[in-house]
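J.: One file is attached below, structure12.txt, containing compact mmCIF, C-alpha atoms and all ligand atoms.
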# COMPACT_ATOMS: atom_id res chain seq x y z
CA MET A 1 -52.31 -35.64 358.81
CA ASN A 2 -50.57 -35.64 355.47
CA ALA A 3 -50.79 -32.20 353.90
CA PHE A 4 -47.61 -32.61 351.84
CA PRO A 5 -48.30 -34.34 348.52
CA PRO A 6 -46.74 -37.77 347.93
CA VAL A 7 -45.20 -36.45 344.69
CA LEU A 8 -42.81 -33.57 345.44
CA PRO A 9 -44.78 -30.50 344.31
CA THR A 10 -42.14 -28.96 342.01
CA TYR A 11 -44.34 -28.91 338.90
CA ASN A 12 -47.25 -26.67 337.90
CA ARG A 13 -49.26 -29.39 336.25
CA MET A 14 -52.16 -29.01 333.84
CA PRO A 15 -55.34 -30.79 334.98
CA LEU A 16 -54.92 -33.42 332.25
CA SER A 17 -53.83 -37.03 332.28
CA PHE A 18 -53.28 -39.36 329.34
CA VAL A 19 -53.49 -43.11 329.09
CA LYS A 20 -52.56 -43.71 325.46
CA GLY A 21 -50.55 -42.14 322.67
CA GLU A 22 -50.49 -42.82 318.95
CA GLY A 23 -48.55 -40.71 316.45
CA ALA A 24 -49.41 -37.07 317.14
CA TRP A 25 -52.42 -37.89 319.33
CA LEU A 26 -52.87 -38.36 323.08
CA THR A 27 -55.98 -39.90 324.63
CA GLU A 28 -57.42 -39.34 328.11
CA ALA A 29 -59.12 -42.10 330.10
CA SER A 30 -62.46 -40.49 329.12
CA GLY A 31 -61.61 -41.11 325.47
CA ALA A 32 -61.02 -37.42 324.69
CA ARG A 33 -58.27 -37.02 322.05
CA TYR A 34 -55.75 -34.18 321.95
CA LEU A 35 -53.49 -33.18 319.07
CA ASP A 36 -50.02 -33.12 320.62
CA LEU A 37 -47.73 -30.24 319.64
CA THR A 38 -45.59 -30.79 322.73
CA SER A 39 -44.03 -34.18 321.92
CA GLY A 40 -43.08 -34.54 325.59
CA ILE A 41 -41.12 -31.27 325.09
CA ALA A 42 -39.30 -32.31 321.91
CA VAL A 43 -38.79 -35.86 323.18
CA ASN A 44 -41.25 -37.98 321.19
CA ALA A 45 -39.56 -37.01 317.92
CA LEU A 46 -41.22 -39.90 316.06
CA GLY A 47 -44.58 -39.46 317.77
CA HIS A 48 -46.16 -41.80 320.27
CA ALA A 49 -45.86 -45.58 319.92
CA HIS A 50 -43.94 -45.54 316.63
CA PRO A 51 -44.21 -49.19 315.52
CA ASP A 52 -40.47 -49.55 314.74
CA LEU A 53 -39.51 -48.20 318.18
CA VAL A 54 -42.04 -50.41 319.93
CA GLN A 55 -40.64 -53.39 318.07
CA VAL A 56 -36.97 -52.69 318.78
CA LEU A 57 -37.70 -51.99 322.46
CA HIS A 58 -39.70 -55.20 322.73
CA GLU A 59 -36.96 -57.27 321.09
CA GLN A 60 -34.22 -55.77 323.23
CA ALA A 61 -36.34 -56.23 326.38
CA GLN A 62 -36.59 -59.93 325.65
CA ALA A 63 -32.87 -60.26 324.93
CA LEU A 64 -31.12 -58.08 327.56
CA TRP A 65 -32.20 -55.02 329.56
CA HIS A 66 -29.08 -53.89 331.28
CA VAL A 67 -25.42 -54.69 331.66
CA SER A 68 -22.81 -52.51 333.25
CA ASN A 69 -20.35 -50.44 331.28
CA LEU A 70 -17.81 -52.95 332.61
CA TYR A 71 -18.61 -54.73 329.34
CA THR A 72 -18.85 -53.83 325.68
CA ILE A 73 -22.47 -53.05 324.74
CA PRO A 74 -23.08 -53.71 321.02
CA ALA A 75 -26.09 -51.38 320.72
CA GLN A 76 -24.01 -48.60 322.31
CA GLU A 77 -21.15 -49.15 319.84
CA GLN A 78 -23.61 -49.13 316.96
CA LEU A 79 -25.31 -45.91 318.06
CA ALA A 80 -21.97 -44.18 318.67
CA GLN A 81 -20.79 -45.18 315.20
CA ALA A 82 -24.01 -43.85 313.61
CA LEU A 83 -23.59 -40.50 315.40
CA VAL A 84 -19.91 -40.27 314.42
CA ASP A 85 -20.78 -41.12 310.79
CA ASN A 86 -23.46 -38.40 310.65
CA THR A 87 -21.80 -35.53 312.56
CA PHE A 88 -18.59 -33.58 313.25
CA ALA A 89 -17.83 -35.87 316.19
CA ASP A 90 -15.10 -38.48 316.62
CA THR A 91 -16.43 -39.90 319.89
CA VAL A 92 -19.59 -40.16 322.02
CA PHE A 93 -20.42 -40.68 325.72
CA PHE A 94 -23.97 -41.71 326.63
CA THR A 95 -25.98 -40.26 329.52
CA ASN A 96 -29.60 -40.58 330.65
CA SER A 97 -30.56 -36.94 330.31
CA GLY A 98 -29.65 -33.52 329.00
CA THR A 99 -28.43 -32.16 332.29
CA GLU A 100 -26.01 -35.07 332.69
CA ALA A 101 -24.72 -34.30 329.20
CA ALA A 102 -24.16 -30.69 330.30
CA GLU A 103 -22.21 -31.91 333.34
CA LEU A 104 -19.88 -33.97 331.17
CA ALA A 105 -19.46 -31.17 328.64
CA ILE A 106 -18.31 -28.88 331.49
CA LYS A 107 -15.96 -31.56 332.89
CA MET A 108 -14.55 -32.23 329.42
CA VAL A 109 -13.78 -28.54 328.87
CA ARG A 110 -12.06 -28.23 332.25
CA LYS A 111 -10.03 -31.40 331.75
CA TYR A 112 -8.94 -30.30 328.30
CA TRP A 113 -7.37 -27.11 329.65
CA TYR A 114 -5.94 -28.91 332.69
CA GLU A 115 -4.11 -31.31 330.37
CA ALA A 116 -3.02 -28.40 328.18
CA GLY A 117 -1.48 -26.82 331.27
CA GLU A 118 -3.37 -23.55 330.84
CA GLU A 119 -5.33 -21.57 333.42
CA ARG A 120 -8.70 -21.00 331.76
CA PRO A 121 -11.22 -20.60 334.59
CA THR A 122 -14.21 -19.24 332.67
CA ILE A 123 -16.97 -20.71 330.52
CA LEU A 124 -19.08 -18.06 328.80
CA THR A 125 -22.84 -18.68 328.72
CA PHE A 126 -25.90 -16.60 327.83
CA GLU A 127 -28.97 -15.11 329.48
CA GLY A 128 -32.11 -17.10 328.74
CA ALA A 129 -30.11 -20.33 328.45
CA PHE A 130 -31.34 -23.64 329.77
CA HIS A 131 -28.94 -26.53 330.25
CA GLY A 132 -30.88 -28.57 332.81
CA ARG A 133 -31.34 -28.63 336.57
CA SER A 134 -28.13 -30.10 337.98
CA THR A 135 -26.03 -27.77 340.15
CA GLY A 136 -23.59 -27.24 337.26
CA ALA A 137 -26.32 -26.61 334.71
CA ILE A 138 -28.15 -24.03 336.85
CA ALA A 139 -24.88 -22.25 337.57
CA ALA A 140 -24.18 -22.21 333.81
CA ALA A 141 -27.56 -20.66 332.96
CA GLY A 142 -27.41 -18.39 335.99
CA SER A 143 -31.02 -17.16 336.06
CA ASP A 144 -32.45 -16.18 339.44
CA LYS A 145 -35.47 -18.37 338.81
CA MET A 146 -33.33 -21.51 338.73
CA THR A 147 -30.53 -20.64 341.15
CA LYS A 148 -32.24 -18.73 344.00
CA GLY A 149 -31.81 -20.63 347.27
CA PHE A 150 -29.43 -23.20 345.84
CA GLY A 151 -26.13 -21.45 346.49
CA PRO A 152 -23.23 -21.53 346.79
CA LEU A 153 -23.23 -21.93 343.03
CA MET A 154 -20.48 -23.69 341.11
CA PRO A 155 -18.00 -21.01 340.03
CA GLY A 156 -16.48 -20.63 336.58
CA PHE A 157 -19.34 -19.22 334.49
CA LYS A 158 -19.85 -15.75 333.09
CA VAL A 159 -23.35 -15.12 331.77
CA LEU A 160 -23.57 -12.67 328.86
CA PRO A 161 -26.60 -10.95 327.33
CA TRP A 162 -28.07 -12.87 324.36
CA GLY A 163 -27.24 -11.36 320.98
CA ASP A 164 -24.85 -8.70 322.32
CA HIS A 165 -21.87 -8.91 319.99
CA ASP A 166 -19.82 -6.27 321.84
CA ALA A 167 -20.25 -7.93 325.23
CA LEU A 168 -19.11 -11.23 323.73
CA THR A 169 -16.08 -9.71 322.03
CA ALA A 170 -15.06 -7.98 325.27
CA ALA A 171 -15.45 -11.16 327.35
CA LEU A 172 -13.79 -13.64 324.97
CA ASP A 173 -10.16 -13.33 326.08
CA GLY A 174 -7.41 -15.83 326.93
CA SER A 175 -9.06 -16.78 330.25
CA VAL A 176 -12.06 -18.31 328.48
CA ALA A 177 -12.06 -22.11 328.34
CA ALA A 178 -15.23 -22.43 326.28
CA VAL A 179 -18.36 -20.73 325.03
CA MET A 180 -21.51 -22.76 325.67
CA LEU A 181 -24.89 -22.05 324.09
CA GLU A 182 -28.02 -23.38 322.42
CA PRO A 183 -28.08 -22.56 318.67
CA VAL A 184 -31.82 -21.99 319.24
CA GLN A 185 -32.77 -21.20 322.83
CA GLY A 186 -35.70 -23.45 323.71
CA GLU A 187 -36.92 -22.71 327.24
CA GLY A 188 -35.73 -19.14 326.68
CA GLY A 189 -38.52 -18.65 324.13
CA ILE A 190 -37.38 -20.11 320.77
CA ARG A 191 -34.65 -17.56 320.20
CA PRO A 192 -32.44 -18.62 317.27
CA LEU A 193 -28.88 -17.37 316.98
CA PRO A 194 -28.54 -16.08 313.40
CA ASP A 195 -26.26 -18.25 311.22
CA ALA A 196 -23.84 -15.37 310.72
CA CYS A 197 -23.46 -14.98 314.51
CA LEU A 198 -22.73 -18.67 315.00
CA LYS A 199 -20.13 -18.49 312.23
CA GLY A 200 -18.61 -15.39 313.83
CA LEU A 201 -18.58 -17.12 317.20
CA ARG A 202 -16.75 -20.11 315.73
CA ASP A 203 -14.08 -17.78 314.30
CA ALA A 204 -13.79 -15.86 317.58
CA CYS A 205 -13.32 -19.13 319.50
CA ASP A 206 -10.66 -20.27 317.05
CA LYS A 207 -8.74 -17.02 317.55
CA THR A 208 -8.40 -17.52 321.33
CA GLY A 209 -8.49 -21.33 321.35
CA ALA A 210 -11.73 -21.43 323.36
CA LEU A 211 -13.82 -24.56 322.78
CA LEU A 212 -17.28 -24.13 321.25
CA VAL A 213 -19.87 -26.17 323.14
CA LEU A 214 -23.35 -26.40 321.63
CA ASP A 215 -26.39 -27.57 323.58
CA GLU A 216 -28.61 -29.28 321.00
CA VAL A 217 -30.70 -31.12 323.56
CA GLN A 218 -33.88 -29.43 322.31
CA CYS A 219 -32.99 -28.17 318.81
CA GLY A 220 -31.10 -31.28 317.66
CA MET A 221 -32.17 -34.64 316.22
CA GLY A 222 -33.95 -33.25 313.18
CA ARG A 223 -36.10 -30.69 315.00
CA THR A 224 -34.98 -27.73 312.84
CA GLY A 225 -35.04 -29.73 309.60
CA ARG A 226 -31.34 -30.62 309.72
CA LEU A 227 -29.98 -33.43 311.90
CA PHE A 228 -28.40 -30.76 314.12
CA ALA A 229 -29.26 -27.05 314.12
CA HIS A 230 -25.65 -25.87 313.76
CA GLU A 231 -25.49 -27.48 310.30
CA TRP A 232 -27.57 -24.56 308.98
CA ALA A 233 -24.65 -22.23 309.73
CA GLY A 234 -22.10 -24.53 308.13
CA VAL A 235 -19.90 -24.66 311.23
CA ALA A 236 -19.18 -27.38 313.74
CA PRO A 237 -18.74 -27.28 317.52
CA ASP A 238 -15.98 -29.01 319.50
CA ILE A 239 -18.45 -30.52 321.96
CA MET A 240 -22.22 -30.99 321.69
CA MET A 241 -24.90 -32.11 324.13
CA VAL A 242 -27.81 -34.17 322.85
CA ALA A 243 -30.80 -35.72 324.66
CA LYS A 244 -34.61 -35.43 324.40
CA GLY A 245 -35.39 -36.53 320.79
CA ILE A 246 -32.56 -39.03 320.51
CA GLY A 247 -34.37 -41.55 322.73
CA GLY A 248 -37.79 -40.95 321.17
CA GLY A 249 -39.23 -41.16 324.73
CA PHE A 250 -36.72 -43.54 326.28
CA PRO A 251 -34.34 -41.65 328.62
CA LEU A 252 -31.11 -41.15 326.66
CA GLY A 253 -28.58 -38.36 326.25
CA ALA A 254 -25.13 -38.02 324.76
CA VAL A 255 -22.06 -35.85 324.56
CA LEU A 256 -20.45 -35.76 321.14
CA ALA A 257 -16.91 -34.42 320.78
CA THR A 258 -13.92 -34.12 318.54
CA ALA A 259 -10.92 -36.27 319.44
CA ARG A 260 -9.03 -33.12 320.43
CA ALA A 261 -11.72 -31.78 322.79
CA ALA A 262 -12.19 -35.23 324.34
CA SER A 263 -8.48 -35.95 324.72
CA GLY A 264 -8.45 -35.46 328.51
CA MET A 265 -11.22 -37.98 329.16
CA THR A 266 -9.20 -41.14 329.74
CA ALA A 267 -10.25 -44.34 331.54
CA GLY A 268 -11.66 -43.64 334.99
CA THR A 269 -12.32 -39.91 334.47
CA HIS A 270 -16.08 -40.25 333.95
CA GLY A 271 -18.84 -42.85 334.10
CA SER A 272 -22.54 -43.62 334.47
CA THR A 273 -24.36 -46.70 335.74
CA TYR A 274 -27.23 -46.54 333.28
CA GLY A 275 -25.75 -44.30 330.58
CA GLY A 276 -25.83 -46.11 327.24
CA ASN A 277 -27.56 -49.23 328.49
CA PRO A 278 -28.83 -51.79 325.94
CA LEU A 279 -32.52 -50.75 326.06
CA ALA A 280 -31.78 -47.04 325.61
CA CYS A 281 -29.22 -47.57 322.87
CA ALA A 282 -31.32 -50.05 320.91
CA VAL A 283 -34.10 -47.44 320.79
CA GLY A 284 -31.68 -44.57 320.12
CA ALA A 285 -30.03 -46.44 317.23
CA LYS A 286 -33.45 -46.92 315.63
CA VAL A 287 -34.35 -43.24 316.09
CA VAL A 288 -31.09 -42.15 314.45
CA GLU A 289 -31.59 -44.67 311.63
CA ILE A 290 -35.07 -43.30 310.89
CA VAL A 291 -34.17 -39.59 311.15
CA THR A 292 -31.11 -40.00 308.90
CA ALA A 293 -32.90 -42.15 306.31
CA PRO A 294 -33.07 -40.53 302.85
CA GLY A 295 -36.01 -38.14 302.56
CA PHE A 296 -36.92 -37.89 306.25
CA LEU A 297 -35.45 -34.45 306.93
CA GLU A 298 -36.54 -33.12 303.51
CA ASP A 299 -40.06 -34.08 304.55
CA VAL A 300 -39.68 -32.21 307.86
CA ARG A 301 -38.47 -29.12 305.98
CA ARG A 302 -41.32 -29.26 303.46
CA LYS A 303 -44.05 -29.76 306.10
CA SER A 304 -42.63 -27.12 308.40
CA ALA A 305 -42.42 -24.51 305.63
CA ASN A 306 -46.13 -24.94 304.88
CA PHE A 307 -47.02 -24.99 308.57
CA ARG A 308 -45.10 -21.81 309.18
CA GLN A 309 -46.84 -20.08 306.32
CA SER A 310 -50.26 -20.96 307.70
CA LEU A 311 -49.16 -19.87 311.19
CA GLU A 312 -48.17 -16.50 309.73
CA GLY A 313 -51.77 -16.29 308.52
CA VAL A 314 -53.14 -17.01 312.00
CA VAL A 315 -50.81 -14.41 313.51
CA ALA A 316 -51.85 -11.80 310.93
CA ALA A 317 -55.54 -12.55 311.57
CA HIS A 318 -55.15 -12.05 315.34
CA PRO A 319 -52.79 -9.12 315.89
CA ASP A 320 -54.11 -8.58 319.44
CA VAL A 321 -53.13 -12.11 320.43
CA PHE A 322 -49.89 -12.67 318.52
CA GLU A 323 -46.81 -10.66 317.70
CA MET A 324 -44.83 -13.05 315.49
CA VAL A 325 -43.74 -16.57 314.61
CA ARG A 326 -40.11 -17.51 315.19
CA GLY A 327 -37.89 -20.57 315.13
CA GLN A 328 -36.97 -23.09 312.50
CA GLY A 329 -38.37 -26.37 311.20
CA LEU A 330 -40.70 -27.87 313.78
CA LEU A 331 -39.15 -25.87 316.62
CA LEU A 332 -41.52 -22.94 316.48
CA GLY A 333 -42.52 -20.21 318.88
CA LEU A 334 -45.49 -17.89 318.82
CA LYS A 335 -44.46 -14.66 320.49
CA CYS A 336 -47.70 -13.46 322.08
CA ARG A 337 -49.24 -10.12 322.95
CA ALA A 338 -51.92 -11.79 325.08
CA PRO A 339 -50.50 -13.78 328.03
CA ALA A 340 -48.95 -16.96 326.59
CA ALA A 341 -50.49 -19.00 329.41
CA ASP A 342 -53.97 -17.88 328.28
CA LEU A 343 -53.29 -19.11 324.75
CA VAL A 344 -51.98 -22.46 326.02
CA ARG A 345 -55.21 -22.85 328.02
CA ALA A 346 -57.43 -21.73 325.12
CA ALA A 347 -55.67 -24.19 322.79
CA GLN A 348 -56.20 -26.91 325.36
CA ASP A 349 -59.92 -26.15 325.26
CA GLN A 350 -59.68 -26.88 321.51
CA GLN A 351 -57.89 -30.16 322.38
CA LEU A 352 -54.56 -28.88 321.09
CA LEU A 353 -51.48 -29.23 323.32
CA THR A 354 -48.71 -26.59 323.28
CA VAL A 355 -45.82 -25.64 325.60
CA PRO A 356 -45.27 -22.27 327.25
CA ALA A 357 -41.73 -20.80 327.24
CA ALA A 358 -40.05 -17.67 328.59
CA ASP A 359 -40.46 -14.29 326.86
CA ASN A 360 -44.25 -14.79 326.59
CA VAL A 361 -43.86 -17.45 323.90
CA VAL A 362 -45.98 -20.51 323.14
CA ARG A 363 -43.89 -23.35 321.72
CA LEU A 364 -45.13 -25.64 318.97
CA LEU A 365 -43.08 -28.86 318.92
CA PRO A 366 -45.03 -31.43 316.90
CA PRO A 367 -43.62 -34.90 316.34
CA LEU A 368 -41.37 -34.85 313.26
CA THR A 369 -43.64 -37.54 311.82
CA ILE A 370 -46.82 -35.43 312.01
CA THR A 371 -48.76 -35.35 308.73
CA ALA A 372 -49.56 -32.25 306.65
CA GLU A 373 -53.27 -32.88 307.39
CA GLU A 374 -52.62 -32.94 311.13
CA LEU A 375 -50.64 -29.69 310.88
CA ALA A 376 -53.56 -28.11 309.03
CA GLU A 377 -55.86 -29.32 311.81
CA ALA A 378 -53.49 -27.83 314.42
CA THR A 379 -53.57 -24.49 312.59
CA ALA A 380 -57.37 -24.51 312.54
CA ARG A 381 -57.55 -25.28 316.27
CA LEU A 382 -55.03 -22.56 317.03
CA GLY A 383 -57.10 -20.06 315.07
CA ARG A 384 -60.22 -21.04 317.04
CA ALA A 385 -58.28 -20.73 320.31
CA ALA A 386 -57.07 -17.24 319.34
CA GLN A 387 -60.65 -16.29 318.45
CA THR A 388 -61.76 -17.02 322.02
CA LEU A 389 -59.12 -14.61 323.38
CA ALA A 390 -60.02 -11.74 321.09
C1 LIG B 1 -34.36 -30.03 328.33
C2 LIG B 1 -33.05 -29.39 328.12
C3 LIG B 1 -31.93 -29.73 328.91
C4 LIG B 1 -32.04 -30.65 330.10
O1 LIG B 1 -32.38 -31.95 329.75
P1 LIG B 1 -32.94 -32.95 330.86
O2 LIG B 1 -33.04 -34.25 330.13
O3 LIG B 1 -34.23 -32.41 331.35
O4 LIG B 1 -31.92 -33.00 331.94
C5 LIG B 1 -30.72 -29.15 328.60
N1 LIG B 1 -30.60 -28.29 327.58
C6 LIG B 1 -31.63 -27.95 326.80
C7 LIG B 1 -31.42 -27.01 325.66
C8 LIG B 1 -32.90 -28.47 327.05
O5 LIG B 1 -33.94 -28.10 326.29
Please, can you express the file's structure as structure tokens?
Ligand SMILES: *Cc1c(COP(=O)(O)O)cnc(C)c1O
T.:
Amino acid sequence: MNAFPPVLPTYNRMPLSFVKGEGAWLTEASGARYLDLTSGIAVNALGHAHPDLVQVLHEQAQALWHVSNLYTIPAQEQLAQALVDNTFADTVFFTNSGTEAAELAIKMVRKYWYEAGEERPTILTFEGAFHGRSTGAIAAAGSDKMTKGFGPLMPGFKVLPWGDHDALTAALDGSVAAVMLEPVQGEGGIRPLPDACLKGLRDACDKTGALLVLDEVQCGMGRTGRLFAHEWAGVAPDIMMVAKGIGGGFPLGAVLATARAASGMTAGTHGSTYGGNPLACAVGAKVVEIVTAPGFLEDVRRKSANFRQSLEGVVAAHPDVFEMVRGQGLLLGLKCRAPAADLVRAAQDQQLLTVPAADNVVRLLPPLTITAEELAEATARLGRAAQTLA
């Protein structure tokens, strides 16, 4: 008897399985083609099987897959330099995932204050946050859904309501080591923090010395139409987590930091067997090269503005199904009146793939390389899906 499935049953999977991907399209074994507005949850930033990524992966695979971080890894140095050149950061550590990046961000904050000789036990976080599934990341986000049954939880986090200025002001005192948040909450339902609030938060952190830690795992790497979402507000964090899109589908994450914030992280204080290995960094360097090439992000902004406008039309035409469109760039959420899960299923029947999120939202996360024609097709399919729910 073997009633327990061979794959640990922690996922609610859709009854779909794909054998091939090309650009914004996924194909089932039957040959059925789906337009993919999930991008592996903001991972396949350049679509499926981007020829330049396939080529660089192939070349690196033939040259060298893996060496330990005992040695200098040229692709890692190159990718770190590209990230430093294009961001606020002075230094980068590579991980394999977003949650590992969150772990290091937390360690970096704690070590900073340890070296400064100050007691700062608390990191402020926000309701609706998602920082991954490690014990530290679930403690940071604090939701019952993620933490129930996994206690005792790591101490040192205080979770505040999202968008409550007074609660933040009251909590941000001299015991706060850092404030950690997503500039646009992803899993939480595409909830952007207004630019003015992020600016205000930067000022408030500067007043008490607290470090500002931004989780751009989902909203970074061009997704909002800027390389990183915080650029829209014109302020910079002290520490930032990146993952998902940076590997284009190859597991890769990173923590970016200023020299000051990273100053406690000396030799021996952190490490990773796979983090920043040659295959991952060769691919990551190509992704960053493509996303930062002249014109790429302008194109994302242009396409997404048109897409958003046509989505507003779909929402207006189906007021029983939709409440509003929110988000930025190609990180969009349809806040639904009908159950979001029903819309995801109806879209799937139209061979259009979308991602559910909290707050009854359906996420639309097309590859950044999707064409205007494909976005128009997605809009048409979404309209047909909404029609079936009316
Ligand atoms: C997905 C996600 C993570 C976790 O990344 P993993 O690679 O799944 O560990 C962390 N933060 C945000 C904002 C995410 O969207």
J.: Please provide as a VMD selection string all residues within 9 Å of range 22-31 of chain A, with the sequence filter that same-chain residues fewer than 2 positions apart are discarded (counting only C-alpha atoms).
T.: chain A and resid 16 to 20 33 to 37 39 46 to 50 366 to 367 369 to 371 374
J.: I'd like the neighbourhood of Pro121 in chain A as a compact mmCIF listing (two decimals) with C-alpha atoms, in the frame of the given file, where a residue qualifies if any of its atoms comes within 8 Å (using only C-alpha atoms), though same-chain residues fewer than 3 positions away should be ignored.
T.:
# COMPACT_ATOMS: atom_id res chain seq x y z
CA GLY A 156 -16.48 -20.63 336.58
CA SER A 175 -9.06 -16.78 330.25
CA VAL A 176 -12.06 -18.31 328.48
CA ALA A 177 -12.06 -22.11 328.34
J.: Could you tell me, as a PyMOL selection string, which residues have any atom at most 12 Å from (-17.8, -39.4, 318.3), counting all atoms listed in the file?
T.: chain A and resi 76-94+238-241+254-263
J.: Restricting the calculation to all atoms listed in the file, which member of A:Thr379, A:Asn306, A:Thr95, A:Gln60 is positioned closest to ligand LIG 1 (chain B)?
T.: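 Of A:Thr379, A:Asn306, A:Thr95, A:Gln60, the one nearest ligand LIG 1 (chain B), counting all atoms listed in the file, is A:Thr95.
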J.: Counting all atoms listed in the file, which residues in chain A sit no more than 7 Å from ligand LIG 1 (chain B)? For each one, give the nearest pair of atoms and the distance in Å, sorted by chain then residue number, as a tab-separated table.
T.:
residue	atom	partner	partner_atom	distance
A:Ser97	CA	B:LIG1	O2	3.7
A:Gly98	CA	B:LIG1	O1	3.2
A:Thr99	CA	B:LIG1	O4	3.6
A:Glu100	CA	B:LIG1	O4	6.3
A:Ala102	CA	B:LIG1	C5	6.9
A:Phe130	CA	B:LIG1	N1	5.2
A:His131	CA	B:LIG1	C5	3.6
A:Gly132	CA	B:LIG1	C4	3.6
A:Arg133	CA	B:LIG1	O4	6.4
A:Glu182	CA	B:LIG1	C7	5.9
A:Gln185	CA	B:LIG1	C7	6.6
A:Gly186	CA	B:LIG1	O5	5.6
A:Glu187	CA	B:LIG1	O5	6.2
A:Asp215	CA	B:LIG1	C7	5.5
A:Glu216	CA	B:LIG1	C7	5.9
A:Val217	CA	B:LIG1	C6	4.6
A:Gln218	CA	B:LIG1	O5	4.2
A:Ala243	CA	B:LIG1	O2	6.1
A:Lys244	CA	B:LIG1	O2	6.1
J.: Measuring between all atoms listed in the file, which one of A:Leu389, A:Leu198, A:Ala305, A:Ala210 shows the shortest distance to Glu231 in chain A?
T.: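 Closest to Glu231 in chain A, using all atoms listed in the file: A:Leu198.
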J.: So the first atom is CA of Ala137 in chain A and the second is CA of Asp195 in chain A; what is the distance between them in Å, to one decimal place?
T.: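 The value is 24.9 Å.
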J.: Which is closest to Gly209 in chain A among A:Trp113, A:Val288, A:Arg301, A:Cys281, if we use only C-alpha atoms?
T.: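 With only C-alpha atoms as the atom set, the closest residue is A:Trp113.
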J.: Fewer than 5 positions away in the same chain doesn't count, so skip those; otherwise give me all residues within 12 Å of Asp206 in chain A, counting all atoms listed in the file, as a compact mmCIF listing (two decimals) with C-alpha atoms, in the coordinates of the input.
T.:
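As a result, out_21.txt now contains:
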# COMPACT_ATOMS: atom_id res chain seq x y z
CA LEU A 172 -13.79 -13.64 324.97
CA ASP A 173 -10.16 -13.33 326.08
CA GLY A 174 -7.41 -15.83 326.93
CA VAL A 176 -12.06 -18.31 328.48
CA ALA A 177 -12.06 -22.11 328.34
CA ALA A 178 -15.23 -22.43 326.28
CA VAL A 179 -18.36 -20.73 325.03
CA LYS A 199 -20.13 -18.49 312.23
CA GLY A 200 -18.61 -15.39 313.83
CA LEU A 201 -18.58 -17.12 317.20
CA LEU A 211 -13.82 -24.56 322.78
CA LEU A 212 -17.28 -24.13 321.25
CA VAL A 235 -19.90 -24.66 311.23
CA ALA A 236 -19.18 -27.38 313.74
CA PRO A 237 -18.74 -27.28 317.52
CA ASP A 238 -15.98 -29.01 319.50
J.: Which residues, written as an MDAnalysis selection string, have at least one atom at most 9 Å from Thr135 in chain A, with all atoms listed in the file counted and residues fewer than 6 positions away on the same chain left out?
T.: chainID A and resid 103 147 150:151 153:154
J.: Between A:His66, A:Leu334, A:Gly21, A:Glu59, single out the one closest to Gly275 in chain A, counting all atoms listed in the file.
T.: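 Using all atoms listed in the file, Gly275 in chain A sits closest to A:His66.
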J.: Could you give me, as a ChimeraX atom specification, the residues within 8 Å of Leu181 in chain A, counting only C-alpha atoms and dropping anything in the same chain fewer than 3 positions from it?
T.: /A:125-126,129,213-215
J.: In Å to one decimal, how far is CA of Ala101 in chain A from CA of Val242 in chain A?
T.: 7.1 Å
J.: Please, what distance in Å, to one decimal, runs between CA of Arg223 in chain A and CA of Leu330 in chain A?
T.: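 Computing it gives 5.5 Å between the two atoms.
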J.: Using all atoms listed in the file, can you tell me which of A:Lys335, A:His165, A:Lys303, A:His58 comes closest to Ala282 in chain A?
T.: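 Among the listed residues, A:His58 lies closest to Ala282 in chain A.
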J.: Find the residue from A:Ala196, A:Ala386, A:Ile123, A:Leu64 that sits nearest to Ala316 in chain A; use all atoms listed in the file when measuring.
T.: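 Going through A:Ala196, A:Ala386, A:Ile123, A:Leu64 one by one, the smallest distance to Ala316 in chain A is for A:Ala386.
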